[in-house]
Amino acid sequence: MFVSESPEDPADPAVVAGSERALRLLAESIPIASVSASGERLEEGAQHFAKVLADAGLSTQVWPSAGAPVVFAEKPAPAGRPTLLFYGHYDVQPPDPLDAWETPPFEAAIRDGALFGRGAGDNKGQLLAHVGAVAELLARDDLGVGVKFLIEGEEEIGSPHIAAVARTHRHELKADLALTADAPVHDDGRPVIIFGVRGLLYLEVSLAGAPRDLHSGNRGGIAPTPAWTLVHALAGLRDAAGRVTVPGFYDPVRGPDASERAMIEALPVDPAHLEAELGPIATTWAPQPSWQESPWTALGFQPNCNIAGLTSGYQGPGTKTVIPSLATAKIDFRLVADQDPDTVFAAVRAQLEQSAPGIQVRRTAAVPPSATSPSTPLAAPVIEAVRAATGVEPLLRPRLGGTTPDFIFTGILGIPSILVPYGPPDMNHHAPNEKMTLAALRRGVACTVAICRRLAQEASVG
Ligand SMILES: [Zn+2]
C-alpha cells in the first residue's frame, strides 16, 4: 500500500509493519469526533488512545485534569539508555464548513494516496506514526530506548491545563528528550527539525462610553467616544515600523546565537512564495528591520503585536450617524525567548489602563515561548536519523513562528525538546479535507524507527 521510499532499508519490516499499523489505527481514530472547542467526546478520545498504547505494549494511565483527561504511557529504558517523551494531542478542530468536505470529516476515506478526515494530520496521524513505530520496535524486541507518551485533549484550545498536569506528574514525565510531530514539513516537502516556538499572549479589551449609542449630531463633541479612545490606546502599543512600544517589552529578548544564526542563513527564503501570500515584499518587508536579515529571524526571534479583531459602531450598508457606546478589540502578542507572558500582560494592561481609563482587559491565552539549544547532546543523532530515514538533508529551523505548549518540556520539566513534523505541506489542517498522505505517514514511521535506533546508541543524559 505504501510506496517504498525509505532509502535506509526500503523493506525494513519494522517500518513496513509500523506504517500498516499506523494507517489502521488512524482510520479507527478518525470517527471519534473529539472536538475540544465544543468539548465533545474528549473522554472517549482519551480512553481510545489509552487503549491503543496499552495494545502496543506500554503501561498506560489516564490522568484527570481540570479540563480534558491526559493520556500517559511508558516503557522504561534499558539501563543507561535515553528516554524519549513523545507529545501529541487527541483533540481536533471543529469540522466546519461541512459542505466543503468531499467525504464526511469523521469518516476515514482513502483516496489519491492519502487518508482524509478531521485530525488525519493534526494530530492523530503524526502521533500514530510515533505509536506505530514504537509498537513494532517493541514487538520485535528492538526498542533500545525508553519511551513515554503524553497525549492531551486541549491543544486546539490553547492547552489551558497541560502545565498543571506536567507540574503534578513531574516525576513520571522525566525524560532525556521531548519529541513532537505536529505541523507540516517545509513547503517544498523537505523534512524540517525545529528547536523552539514563539509564545502567545491573547487579550480581549473593551471600553464602554455612554450607556447607549448616541446621535452623533446631537451629542457629538460632548459624549465620550470609546472608539477613538480605544484606537489611541492601541496605537500606543506599537509604532508605525511595527516595534512594540510597551516599556520593558524587549528587555528579555535575545537574538539568535551563532549556531542559530548559521541555521537561519542556511534556510531557504522564497520571495515568490512569500509575495504570493503577503503581497509585494517591497511594502510589507520594509517596515520590519529584522526582516531585512531574514523572515526566519523575524518569525523566530522577534516578538509581534497583532490586532486580531477590532469592532465598534455601525458596520452595515449606508450611513448611520452614531456615537458607539462600546469599542472592543482582540490583540495577540507572539513572544520570544525569554519573554514572560505574565510580565508582558502586566505591562500591557498598565499602559492600556493609563491611556484608556475604564478599559477592561481580559487575558484569554498565555503560553510562554520555548527554546532548545541546537547543541543539546541528543540533537545531532536526531538530525542524523532523519537524514538517514528520508535520504534528504533536513532543514534546521531554530523556531516555529507559531505556538505549541513546548514550554512544559523546556520550562517546567527541564527537558530539551525538538519538533520533527511529518505532515504533508498541503495537509489542510484546521481546514476542510484535512489529510495525511500515506507517504508522509510512512516517512513519520521511518523517522521514528530511525530516531529510536540511533538514540539507542547514546547514553542517557538525564
Ligand atoms: Zn492544530
# chains A, B, ... in the order shown; residues from 1 in each chain; ligands from 1

$ closest_atom_pairs --of "segment 101-190 of chain A" --to "segment 429-447 of chain A" --cutoff "12 Å" --atoms "only C-alpha atoms" --output "CSV"
residue,atom,partner,partner_atom,distance
A:Trp101,CA,A:Asn433,CA,5.3
A:Glu102,CA,A:Asn433,CA,6.7
A:Thr103,CA,A:Asn433,CA,7.7
A:Pro104,CA,A:Asn433,CA,8.8
A:Pro105,CA,A:Asn433,CA,7.3
A:Phe106,CA,A:Asn433,CA,10.6
A:Glu107,CA,A:Asn433,CA,11.2
A:Ala108,CA,A:Lys435,CA,9.5
A:Ala109,CA,A:Lys435,CA,9.3
A:Ile110,CA,A:Leu438,CA,9.1
A:Arg111,CA,A:Thr437,CA,9.3
A:Asp112,CA,A:Thr437,CA,8.4
A:Gly113,CA,A:Thr437,CA,5.8
A:Ala114,CA,A:Thr437,CA,3.8
A:Leu115,CA,A:Met436,CA,5.4
A:Phe116,CA,A:Lys435,CA,4.3
A:Gly117,CA,A:Glu434,CA,5.6
A:Arg118,CA,A:Glu434,CA,5.7
A:Gly119,CA,A:Glu434,CA,7.0
A:Ala120,CA,A:Lys435,CA,5.2
A:Gly121,CA,A:Met436,CA,5.0
A:Asp122,CA,A:His429,CA,5.9
A:Asn123,CA,A:His429,CA,8.8
A:Lys124,CA,A:Met436,CA,9.5
A:Gly125,CA,A:Met436,CA,6.5
A:Gln126,CA,A:Gly444,CA,6.7
A:Leu127,CA,A:Gly444,CA,8.9
A:Leu128,CA,A:Val445,CA,8.5
A:Ala129,CA,A:Val445,CA,4.8
A:His130,CA,A:Val445,CA,6.1
A:Val131,CA,A:Val445,CA,8.3
A:Gly132,CA,A:Val445,CA,6.6
A:Ala133,CA,A:Val445,CA,5.1
A:Val134,CA,A:Val445,CA,8.6
A:Ala135,CA,A:Val445,CA,10.5
A:Glu136,CA,A:Val445,CA,9.8
A:Leu137,CA,A:Val445,CA,10.6
A:Glu156,CA,A:His430,CA,9.3
A:Leu179,CA,A:Cys447,CA,11.7
A:Thr180,CA,A:Gly444,CA,11.3
A:Ala181,CA,A:Gly444,CA,8.5
A:Asp182,CA,A:His429,CA,10.0
A:Ala183,CA,A:His429,CA,8.5
A:Pro184,CA,A:His429,CA,8.8
A:Val185,CA,A:Ala440,CA,9.3
A:Gly189,CA,A:Ala440,CA,9.6
A:Arg190,CA,A:Ala440,CA,11.1

$ select_by_dssp --residues "segment 255-398 of chain A" --states "helix (DSSP H, G or I)" --output "PyMOL selection string"
chain A and resi 258-266+271-278+281-285+289-292+295-301+341-355+379-390

$ closest_atom_pairs --of "segment 292-385 of chain A" --to "segment 221-233 of chain A" --cutoff "7 Å" --atoms "only C-alpha atoms" --output "tab-separated table"
residue	atom	partner	partner_atom	distance
A:Ser312	CA	A:Ala227	CA	6.2
A:Ile323	CA	A:Thr225	CA	6.7
A:Ser325	CA	A:Pro226	CA	6.6
A:Leu326	CA	A:Pro226	CA	6.0
A:Ala327	CA	A:Ala227	CA	5.1
A:Leu352	CA	A:Ala233	CA	5.9
A:Ser355	CA	A:Ala233	CA	5.3
A:Ala356	CA	A:Thr229	CA	6.1

$ closest_residue --among "A:Thr83, A:Ala37, A:Asp426, A:Lys51" --to "Asp96 of chain A" --atoms "only C-alpha atoms"
A:Ala37

$ residues_around --residues "segment 369-375 of chain A" --least-positions-apart "6" --cutoff "8 Å" --atoms "only C-alpha atoms" --output "PyMOL selection string"
chain A and resi 195-200+259-260+335-340+398-399+403+406-407+410-411+416-418

$ residues_around --residues "Pro256 of chain A" --least-positions-apart "6" --cutoff "9 Å" --atoms "only C-alpha atoms" --output "ChimeraX atom specification"
/A:264,297,300-301,398

$ write_last_selection --atoms "N, CA and C atoms" --output "PDB file, in the first residue's frame"
ATOM      1  N   ILE A 264      19.757  29.910  10.356  1.00  0.00           N
ATOM      2  CA  ILE A 264      18.910  30.859   9.615  1.00  0.00           C
ATOM      3  C   ILE A 264      19.523  31.145   8.246  1.00  0.00           C
ATOM      4  N   THR A 297      14.405  35.153  10.888  1.00  0.00           N
ATOM      5  CA  THR A 297      14.791  35.877  12.108  1.00  0.00           C
ATOM      6  C   THR A 297      13.561  36.562  12.693  1.00  0.00           C
ATOM      7  N   GLY A 300      11.156  34.010  14.198  1.00  0.00           N
ATOM      8  CA  GLY A 300      11.608  33.199  15.320  1.00  0.00           C
ATOM      9  C   GLY A 300      12.142  33.988  16.494  1.00  0.00           C
ATOM     10  N   PHE A 301      12.700  35.183  16.199  1.00  0.00           N
ATOM     11  CA  PHE A 301      13.436  35.889  17.255  1.00  0.00           C
ATOM     12  C   PHE A 301      12.898  37.278  17.542  1.00  0.00           C
ATOM     13  N   PRO A 398      15.504  27.242  13.830  1.00  0.00           N
ATOM     14  CA  PRO A 398      15.639  27.493  15.272  1.00  0.00           C
ATOM     15  C   PRO A 398      14.288  27.607  15.986  1.00  0.00           C
TER      16      PRO A 398
END

$ closest_residue --among "A:Ala258, A:Leu400, A:Ala208, A:Leu201" --to "Ala365 of chain A" --atoms "only C-alpha atoms"
A:Leu201

$ atom_distance --atom1 "atom CA of Ile193 of chain A" --atom2 "atom CA of Val420 of chain A"
4.9 Å

$ residues_around --residues "Val35 of chain A" --least-positions-apart "4" --cutoff "8 Å" --atoms "only C-alpha atoms" --output "PyMOL selection string"
chain A and resi 39-42+91-94

$ write_last_selection --atoms "N, CA and C atoms" --output "compact mmCIF listing (two decimals), in the first residue's frame"
# COMPACT_ATOMS: atom_id res chain seq x y z
N GLY A 39 -16.01 20.56 23.29
CA GLY A 39 -15.88 19.67 24.44
C GLY A 39 -16.47 18.29 24.22
N GLU A 40 -16.80 17.94 22.97
CA GLU A 40 -17.48 16.65 22.77
C GLU A 40 -16.49 15.50 22.66
N ARG A 41 -16.85 14.37 23.18
CA ARG A 41 -16.18 13.07 23.04
C ARG A 41 -14.70 13.09 23.43
N LEU A 42 -14.35 13.95 24.39
CA LEU A 42 -12.95 14.02 24.80
C LEU A 42 -12.58 12.84 25.69
N ASP A 91 -7.27 15.72 20.57
CA ASP A 91 -8.40 16.59 20.20
C ASP A 91 -8.19 17.14 18.79
N VAL A 92 -9.29 17.55 18.18
CA VAL A 92 -9.24 18.07 16.81
C VAL A 92 -10.01 19.38 16.74
N GLN A 93 -9.81 20.08 15.62
CA GLN A 93 -10.55 21.31 15.35
C GLN A 93 -11.98 20.98 14.92
N PRO A 94 -12.90 21.91 15.09
CA PRO A 94 -14.26 21.70 14.56
C PRO A 94 -14.19 21.49 13.04

$ closest_atom_pairs --of "segment 319-361 of chain A" --to "segment 217-220 of chain A" --cutoff "12 Å" --atoms "only C-alpha atoms" --output "Markdown table"
| residue | atom | partner | partner_atom | distance |
| --- | --- | --- | --- | --- |
| A:Lys320 | CA | A:Gly217 | CA | 11.1 |
| A:Thr321 | CA | A:Gly217 | CA | 7.4 |
| A:Val322 | CA | A:Gly217 | CA | 8.2 |
| A:Ile323 | CA | A:Gly220 | CA | 7.2 |
| A:Pro324 | CA | A:Gly220 | CA | 10.8 |

$ residues_around --residues "Ile383 of chain A" --least-positions-apart "6" --cutoff "9 Å" --atoms "only C-alpha atoms" --output "PyMOL selection string"
chain A and resi 193+393-394+396+451

$ select_by_dssp --residues "segment 156-404 of chain A" --states "strand (DSSP E or B)" --output "PyMOL selection string"
chain A and resi 177-180+184+192-194+196-197+199-208+214-215+238+244+304-312+322-323+326-335+360-367+370-371+395-397+400

$ residues_around --residues "Pro381 of chain A" --least-positions-apart "5" --cutoff "9 Å" --atoms "only C-alpha atoms" --output "PyMOL selection string"
chain A and resi 386+451+454-455+458

$ write_last_selection --atoms "C-alpha atoms" --output "compact mmCIF listing (two decimals), in the first residue's frame"
# COMPACT_ATOMS: atom_id res chain seq x y z
CA VAL A 386 16.03 11.93 9.96
CA ILE A 451 15.43 8.08 15.79
CA ARG A 454 20.03 5.92 16.65
CA LEU A 455 19.34 7.17 20.17
CA GLU A 458 23.54 7.13 23.08

$ closest_residue --among "A:Asn428, A:Ala17, A:Arg167, A:Leu267" --to "ligand 1" --atoms "only C-alpha atoms and all ligand atoms"
A:Asn428

$ atom_distance --atom1 "atom CA of Ala139 of chain A" --atom2 "atom CA of Asp55 of chain A"
10.8 Å

$ closest_residue --among "A:Phe345, A:Phe333, A:Tyr90, A:Phe249" --to "ligand 1" --atoms "only C-alpha atoms and all ligand atoms"
A:Tyr90

$ closest_residue --among "A:Arg170, A:Arg140, A:Arg254, A:Lys330" --to "Pro13 of chain A" --atoms "only C-alpha atoms"
A:Arg140

$ closest_residue --among "A:Met427, A:Ala241, A:Ala388, A:Cys305" --to "ligand 1" --atoms "only C-alpha atoms and all ligand atoms"
A:Met427

$ atom_distance --atom1 "atom CA of Arg363 of chain A" --atom2 "atom CA of Ala66 of chain A"
18.4 Å
